[in-house]
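Participant: This one is my_file.txt, compact mmCIF, C-alpha atoms.
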# COMPACT_ATOMS: atom_id res chain seq x y z
CA MET A 9 1.04 -1.92 18.29
CA MET A 10 3.50 -3.05 15.62
CA THR A 11 4.81 -6.55 16.37
CA LEU A 12 8.19 -7.92 15.28
CA LYS A 13 6.43 -10.09 12.69
CA ASN A 14 4.54 -7.12 11.30
CA ILE A 15 7.69 -5.02 11.22
CA SER A 16 9.47 -7.82 9.37
CA ILE A 17 6.72 -8.00 6.76
CA LEU A 18 6.66 -4.23 6.29
CA LYS A 19 10.45 -4.23 5.87
CA ILE A 20 10.15 -7.01 3.33
CA LEU A 21 7.34 -5.36 1.40
CA SER A 22 8.48 -1.71 1.76
CA ILE A 23 6.37 0.46 -0.61
CA THR A 24 3.86 -0.55 -3.39
CA THR A 25 2.71 -1.42 -6.92
CA LEU A 26 -0.52 -2.70 -8.30
CA LEU A 27 -0.75 -4.64 -11.48
CA LEU A 28 -3.14 -6.17 -13.86
CA PHE A 29 -2.68 -8.84 -16.45
CA ASN A 30 -4.83 -10.98 -18.72
CA GLY A 31 -4.72 -14.74 -18.96
CA CYS A 32 -5.42 -16.79 -22.05
CA GLY A 33 -8.87 -17.97 -23.13
CA GLY A 34 -10.49 -20.28 -20.61
CA SER A 35 -11.00 -24.01 -20.53
CA ASP A 36 -14.74 -23.46 -21.03
CA GLY A 37 -14.01 -22.79 -24.72
CA SER A 38 -15.18 -19.18 -24.54
CA ASN A 39 -13.26 -16.12 -25.64
CA LYS A 40 -13.30 -14.78 -22.12
CA LYS A 41 -10.01 -14.14 -20.38
CA ASN A 42 -8.91 -14.15 -16.79
CA ILE A 43 -8.00 -10.62 -15.80
CA VAL A 44 -5.56 -10.70 -12.93
CA TYR A 45 -4.79 -7.77 -10.64
CA VAL A 46 -1.56 -7.83 -8.66
CA ILE A 47 -0.44 -5.43 -5.96
CA ASP A 48 3.33 -5.11 -5.93
CA ALA A 49 4.58 -3.52 -2.74
CA GLY A 50 7.51 -1.78 -4.34
CA GLU A 51 6.50 0.78 -6.97
CA ASP A 52 3.28 2.42 -5.71
CA ARG A 53 1.56 1.99 -9.03
CA ILE A 54 -1.05 0.11 -11.01
CA ALA A 55 0.05 -1.66 -14.19
CA SER A 56 -1.45 -4.04 -16.73
CA PHE A 57 -0.27 -6.64 -19.22
CA SER A 58 -2.11 -8.70 -21.78
CA SER A 59 -0.87 -12.26 -21.24
CA PHE A 60 0.41 -14.34 -18.36
CA SER A 61 3.28 -15.42 -20.60
CA GLY A 62 4.03 -11.84 -21.62
CA SER A 63 7.00 -9.76 -20.57
CA THR A 64 5.81 -6.17 -20.64
CA PHE A 65 3.09 -4.01 -19.13
CA SER A 66 0.43 -2.34 -21.23
CA GLY A 67 -0.11 0.54 -18.82
CA THR A 68 0.57 1.87 -15.33
CA PHE A 69 -1.19 4.07 -12.79
CA GLY A 70 -0.19 5.57 -9.44
CA SER A 71 2.78 7.02 -7.65
CA SER A 72 4.14 7.19 -4.11
CA GLY A 73 2.42 9.54 -1.69
CA SER A 74 -0.81 10.25 0.14
CA GLY A 75 -2.79 12.27 -2.37
CA VAL A 76 -5.19 11.41 -5.16
CA GLY A 77 -3.64 8.83 -7.45
CA GLN A 78 -1.02 7.92 -4.86
CA PHE A 79 -0.39 4.94 -2.57
CA SER A 80 1.82 4.02 0.35
CA LEU A 81 2.18 0.26 0.80
CA PRO A 82 -1.13 -0.89 -0.71
CA LEU A 83 -1.41 -4.53 0.34
CA ASP A 84 -4.70 -5.89 -1.01
CA ILE A 85 -7.14 -5.52 -3.90
CA ALA A 86 -10.64 -6.63 -4.88
CA ILE A 87 -13.00 -6.03 -7.80
CA HIS A 88 -16.71 -5.51 -7.22
CA GLU A 89 -19.26 -4.53 -9.87
CA GLY A 90 -16.46 -3.38 -12.16
CA LYS A 91 -14.86 -1.08 -9.61
CA ILE A 92 -11.29 -1.56 -8.35
CA TYR A 93 -10.80 -1.40 -4.56
CA ILE A 94 -7.31 -1.02 -3.07
CA LEU A 95 -6.28 -1.26 0.57
CA ASP A 96 -3.72 1.53 0.97
CA SER A 97 -2.09 0.31 4.16
CA LEU A 98 0.32 3.05 5.26
CA ASN A 99 -2.18 5.73 4.25
CA HIS A 100 -4.65 3.89 6.54
CA ARG A 101 -7.45 3.96 3.98
CA ILE A 102 -9.37 2.06 1.34
CA VAL A 103 -9.52 3.49 -2.17
CA ARG A 104 -11.94 2.88 -5.04
CA ILE A 105 -11.33 3.75 -8.69
CA ASP A 106 -13.38 3.13 -11.81
CA ASN A 107 -10.56 2.00 -14.09
CA LEU A 108 -6.82 1.98 -14.67
CA ASN A 109 -6.88 5.65 -15.57
CA GLY A 110 -7.74 6.33 -11.93
CA ASP A 111 -11.11 7.87 -12.80
CA GLY A 112 -13.68 8.17 -10.02
CA TRP A 113 -11.10 8.19 -7.22
CA ILE A 114 -12.66 8.04 -3.76
CA SER A 115 -11.03 7.10 -0.46
CA PHE A 116 -12.22 6.36 3.06
CA GLY A 117 -10.35 6.21 6.36
CA SER A 118 -7.61 7.88 8.36
CA LEU A 119 -5.08 6.90 11.01
CA GLY A 120 -6.53 6.11 14.43
CA ALA A 121 -8.43 3.60 16.53
CA GLY A 122 -11.90 5.12 16.46
CA THR A 123 -14.85 5.05 14.09
CA ASN A 124 -13.87 5.58 10.44
CA GLN A 125 -10.22 5.04 11.32
CA PHE A 126 -7.65 2.32 10.65
CA ASN A 127 -4.11 1.48 11.70
CA THR A 128 -2.13 -0.23 8.94
CA PRO A 129 -4.91 -2.45 7.54
CA GLU A 130 -3.48 -5.37 5.55
CA GLY A 131 -6.38 -7.33 4.02
CA PHE A 132 -10.05 -7.02 3.07
CA PHE A 133 -12.94 -8.81 1.36
CA ILE A 134 -16.09 -7.63 -0.43
CA ASP A 135 -19.11 -9.96 -0.33
CA SER A 136 -21.79 -10.36 -3.00
CA ASN A 137 -23.87 -7.63 -1.35
CA GLY A 138 -21.02 -5.14 -1.48
CA LEU A 139 -20.30 -5.24 2.26
CA ILE A 140 -16.62 -4.60 2.92
CA TYR A 141 -14.77 -6.52 5.66
CA ILE A 142 -11.37 -5.12 6.64
CA ALA A 143 -8.57 -6.61 8.73
CA ASP A 144 -7.61 -3.52 10.75
CA THR A 145 -4.26 -5.04 11.58
CA ASN A 146 -2.64 -2.82 14.19
CA ASN A 147 -5.97 -2.14 15.90
CA HIS A 148 -6.38 -5.94 16.23
CA ARG A 149 -9.95 -5.86 15.02
CA ILE A 150 -12.22 -6.60 12.09
CA VAL A 151 -14.26 -3.75 10.59
CA ARG A 152 -17.35 -4.00 8.40
CA ILE A 153 -18.77 -1.13 6.35
CA ASN A 154 -21.65 -1.05 3.89
CA ASP A 155 -19.73 0.73 1.14
CA ILE A 156 -16.81 3.04 0.38
CA THR A 157 -18.51 5.93 2.24
CA GLY A 158 -18.12 4.08 5.56
CA ALA A 159 -21.85 3.82 6.17
CA GLY A 160 -22.91 1.11 8.62
CA TRP A 161 -19.56 1.06 10.42
CA GLY A 162 -19.16 -1.84 12.85
CA ALA A 163 -16.11 -3.40 14.46
CA PHE A 164 -15.19 -6.22 16.82
CA GLY A 165 -12.01 -7.70 18.25
CA SER A 166 -9.20 -6.81 20.60
CA LEU A 167 -5.59 -7.81 21.22
CA GLY A 168 -5.24 -11.27 22.73
CA THR A 169 -5.43 -15.01 22.24
CA GLY A 170 -8.98 -15.69 23.42
CA ALA A 171 -12.35 -15.78 21.70
CA LEU A 172 -12.95 -12.80 19.39
CA GLN A 173 -9.36 -11.68 19.92
CA PHE A 174 -6.57 -11.20 17.40
CA ASN A 175 -2.91 -10.32 17.16
CA ASP A 176 -2.28 -8.46 13.91
CA PRO A 177 -5.08 -9.95 11.78
CA SER A 178 -3.84 -9.80 8.19
CA ASP A 179 -6.64 -10.98 5.90
CA VAL A 180 -10.32 -11.98 5.85
CA VAL A 181 -12.76 -13.90 3.68
CA VAL A 182 -16.51 -14.48 4.13
CA ASN A 183 -18.65 -17.46 3.16
CA GLY A 184 -22.34 -16.96 4.01
CA ASP A 185 -22.51 -15.97 7.67
CA ILE A 186 -19.01 -17.26 8.47
CA LEU A 187 -16.03 -14.93 8.62
CA PHE A 188 -12.53 -16.42 8.34
CA VAL A 189 -9.49 -14.49 9.59
CA ALA A 190 -5.76 -14.99 9.03
CA ASP A 191 -4.41 -14.09 12.48
CA CYS A 192 -0.71 -13.55 11.80
CA GLY A 193 0.55 -12.77 15.31
CA ASN A 194 -1.28 -15.73 16.88
CA ASP A 195 -0.08 -18.15 14.16
CA ARG A 196 -3.62 -19.33 13.53
CA ILE A 197 -6.74 -18.81 11.49
CA SER A 198 -10.11 -18.31 13.11
CA SER A 199 -13.76 -18.40 12.07
CA VAL A 200 -16.86 -16.87 13.61
CA ASN A 201 -20.53 -16.41 12.76
CA ILE A 202 -20.73 -12.72 11.91
CA VAL A 203 -24.46 -12.52 12.60
CA THR A 204 -24.41 -13.96 16.12
CA GLU A 205 -20.68 -13.48 16.90
CA ASP A 206 -20.53 -17.03 18.24
CA ASP A 207 -19.35 -20.40 16.88
CA TRP A 208 -15.77 -19.20 17.37
CA ILE A 209 -13.25 -21.77 16.07
CA THR A 210 -9.48 -21.56 15.68
CA PHE A 211 -6.99 -23.70 13.81
CA GLY A 212 -3.20 -23.75 14.02
CA THR A 213 -0.33 -23.55 16.46
CA THR A 214 3.13 -22.07 16.08
CA GLY A 215 5.53 -24.13 13.99
CA SER A 216 6.32 -25.49 10.55
CA GLY A 217 4.78 -28.95 10.67
CA THR A 218 1.33 -30.38 10.08
CA ASN A 219 -1.45 -28.23 11.58
CA GLN A 220 1.08 -25.48 12.29
CA LEU A 221 1.46 -21.97 10.89
CA ASN A 222 3.99 -19.16 11.11
CA CYS A 223 2.35 -15.79 10.50
CA PRO A 224 -0.51 -16.54 8.11
CA THR A 225 -1.05 -13.41 6.02
CA GLY A 226 -3.61 -14.46 3.40
CA ILE A 227 -6.75 -16.60 3.27
CA ASP A 228 -9.26 -17.65 0.61
CA LEU A 229 -11.81 -20.38 -0.19
CA ASP A 230 -12.36 -22.49 -3.29
CA SER A 231 -15.73 -23.46 -4.78
CA ASN A 232 -15.88 -26.51 -2.49
CA GLY A 233 -15.31 -24.46 0.66
CA GLN A 234 -11.74 -25.69 1.18
CA ILE A 235 -9.58 -23.17 3.03
CA TYR A 236 -6.28 -21.89 1.61
CA VAL A 237 -3.77 -20.04 3.78
CA ALA A 238 -0.64 -18.08 2.85
CA ASP A 239 1.74 -19.36 5.53
CA PHE A 240 4.22 -16.52 5.16
CA PHE A 241 7.28 -17.43 7.20
CA ASN A 242 6.93 -21.14 6.38
CA ASN A 243 7.21 -20.22 2.68
CA ARG A 244 4.16 -22.24 1.66
CA ILE A 245 0.47 -22.33 0.89
CA VAL A 246 -1.59 -24.58 3.20
CA ARG A 247 -4.97 -26.12 2.38
CA ILE A 248 -7.43 -27.70 4.82
CA ASN A 249 -10.90 -29.08 4.25
CA ASN A 250 -12.42 -27.43 7.32
CA MET A 251 -11.55 -25.64 10.56
CA ALA A 252 -10.83 -28.98 12.22
CA GLY A 253 -7.77 -29.21 9.96
CA ALA A 254 -8.92 -32.29 8.04
CA GLY A 255 -6.99 -32.95 4.85
CA PHE A 256 -4.03 -30.74 5.78
CA VAL A 257 -1.64 -30.36 2.84
CA ALA A 258 1.08 -27.84 2.04
CA THR A 259 2.81 -26.85 -1.18
CA PRO A 260 6.44 -27.85 -1.69
CA SER A 261 9.16 -25.22 -1.57
CA GLY A 262 9.71 -22.87 -4.45
CA LEU A 263 7.19 -20.06 -3.94
CA GLY A 264 9.31 -17.81 -1.73
CA GLN A 265 7.30 -16.07 0.99
CA PRO A 266 3.65 -15.88 -0.16
CA ARG A 267 1.97 -12.74 1.14
CA ASN A 268 -1.46 -13.59 -0.31
CA VAL A 269 -3.41 -16.47 -1.83
CA HIS A 270 -6.29 -16.12 -4.28
CA ILE A 271 -8.47 -18.83 -5.82
CA GLY A 272 -9.39 -17.87 -9.36
CA PRO A 273 -12.65 -18.39 -11.27
CA GLU A 274 -11.58 -21.90 -12.33
CA ASP A 275 -10.22 -22.84 -8.88
CA GLN A 276 -6.65 -22.31 -10.00
CA ILE A 277 -4.37 -21.05 -7.24
CA TYR A 278 -2.64 -17.68 -7.53
CA THR A 279 -0.05 -16.25 -5.18
CA SER A 280 2.75 -13.73 -5.07
CA ALA A 281 6.08 -14.16 -3.36
CA TYR A 282 8.67 -11.54 -2.52
CA ASN A 283 11.51 -13.99 -1.91
CA GLY A 284 10.58 -15.98 -5.00
CA GLY A 285 12.46 -13.51 -7.20
CA SER A 286 9.64 -10.96 -7.11
CA LYS A 287 7.34 -13.16 -9.18
CA VAL A 288 3.66 -14.01 -9.30
CA PHE A 289 2.56 -17.62 -9.68
CA ARG A 290 -0.38 -19.64 -10.93
CA PHE A 291 -0.79 -23.41 -10.47
CA ASP A 292 -3.52 -26.02 -10.60
CA ASP A 293 -3.15 -27.88 -7.30
CA MET A 294 -1.13 -28.21 -4.11
CA SER A 295 1.60 -30.20 -5.88
CA LEU A 296 2.22 -27.09 -8.06
CA SER A 297 0.99 -28.81 -11.23
CA ASN A 298 1.21 -26.59 -14.32
CA LEU A 299 3.10 -23.92 -12.41
CA VAL A 300 3.59 -20.74 -14.41
CA GLU A 301 5.23 -17.51 -13.30
CA PHE A 302 5.66 -13.93 -14.42
CA GLY A 303 8.05 -11.17 -13.48
CA SER A 304 11.51 -10.47 -12.18
CA ASN A 305 12.98 -8.22 -9.54
CA GLY A 306 13.13 -4.56 -10.45
CA SER A 307 11.21 -1.39 -11.19
CA GLY A 308 11.08 -1.54 -14.97
CA ASP A 309 8.57 -2.78 -17.48
CA GLY A 310 7.42 -6.31 -16.63
CA GLN A 311 9.16 -6.23 -13.24
CA PHE A 312 8.01 -6.27 -9.63
CA GLY A 313 9.46 -4.73 -6.52
CA ASN A 314 7.65 -6.99 -4.02
CA PRO A 315 4.29 -8.34 -5.27
CA ALA A 316 1.86 -8.52 -2.36
CA SER A 317 -1.62 -9.52 -3.49
CA ILE A 318 -3.61 -10.92 -6.43
CA PHE A 319 -7.24 -10.81 -7.51
CA VAL A 320 -8.66 -12.51 -10.62
CA ILE A 321 -11.88 -11.92 -12.54
CA ARG A 322 -13.20 -13.49 -15.74
CA ASN A 323 -14.13 -11.06 -18.49
Can you present the structure in this file as structure tokens?

Facilitator:
Amino acid sequence: MMTLKNISILKILSITTLLLFNGCGGSDGSNKKNIVYVIDAGEDRIASFSSFSGSTFSGTFGSSGSGVGQFSLPLDIAIHEGKIYILDSLNHRIVRIDNLNGDGWISFGSLGAGTNQFNTPEGFFIDSNGLIYIADTNNHRIVRINDITGAGWGAFGSLGTGALQFNDPSDVVVNGDILFVADCGNDRISSVNIVTEDDWITFGTTGSGTNQLNCPTGIDLDSNGQIYVADFFNNRIVRINNMAGAGFVATPSGLGQPRNVHIGPEDQIYTSAYNGGSKVFRFDDMSLSNLVEFGSNGSGDGQFGNPASIFVIRN
């Protein structure tokens, strides 16, 4: 069932774009660059640019629709073993391509509530073994599959506020045996042992103060295991040390409504914000130190029409 919060987000994000850009050489002194992939929910395409301080794209891929090479509100992206995975939300599927030419296109999923089906999935995560965890948002459940073919399908969760229940789960991340979920409709995040399905813990209540959230839509972890949350309607990123909420801190205003948060290879923080002038951001810490941004509102070269998600690799 589509909640008012979910409807609001879909209205805000409308349709989609995906983009890629390169950062400058890293602080490790190597010639490697951070390659950053951004999904922009406005243009149904994949694009690339060569520098975070640049102003133009170097290429694009994708168009609006439901066929091969097309997307309808893709909301999340991940890279695994060189392949690009895209969560194509309103086409109720996950897509994998080999490169920005769209080679090797393969998709999995269809609309429904059964096996091999999704209903407006909004976030996903791929672990080091290639297992794919999907927030099946409007089915109020978490799905795990072994690979893009859907082998090993398993799912848990139902609509509610109790243990192993969700209300429009929007994103997931996994650390070892622990699964973390951004549970938008319940204004909380939750964690559970995915092997035993116990050790259920929740954090957050409705509001805009300390230890409160208002529709968390993104979640990620840094190298120290600290938890970062895109607190969408509070227009901020929140960080806590653990699920008890220790060390709660939130970013100041200025990021618009962050749909996603991603911790890069050097623990820098990346996010995208629709109401931040359709820009993507990178900063070093929760005080927004060394904040840099890219993009403006529009559909042209170097512009975004609602950036929704970011993923960074070092290459």

Participant: Just how far from CA of Lys40 (chain A) is CA of Gln234 (chain A), in Å to one decimal?

Facilitator: 25.8 Å

Participant: What's the separation between CA of Gly138 (chain A) and CA of Gly158 (chain A), in Å to one decimal place?

Facilitator: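 One can read the CA of Gly138 (chain A) to CA of Gly158 (chain A) distance as 12.0 Å.
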
Participant: Expressed in Å to a single decimal, how great is the separation between CA of Leu221 (chain A) and CA of Asn242 (chain A)?

Facilitator: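 CA of Leu221 (chain A) sits 7.1 Å away from CA of Asn242 (chain A).
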
Participant: Go through A:Ala258, A:Ala55, A:Leu229, A:Val76 one by one, measure the shortest atom-to-atom distance of each to Gly308 (chain A) using only C-alpha atoms, and give the residue with the smallest value.

Facilitator: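 Between A:Ala258, A:Ala55, A:Leu229, A:Val76, the residue approaching Gly308 (chain A) most closely is A:Ala55.
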
Participant: Check the smallest atom-to-atom distance from each of A:Met251, A:Ile134, A:Val200, A:Ile245 to Leu263 (chain A) using all atoms listed in the file, then report the winner.

Facilitator: A:Ile245
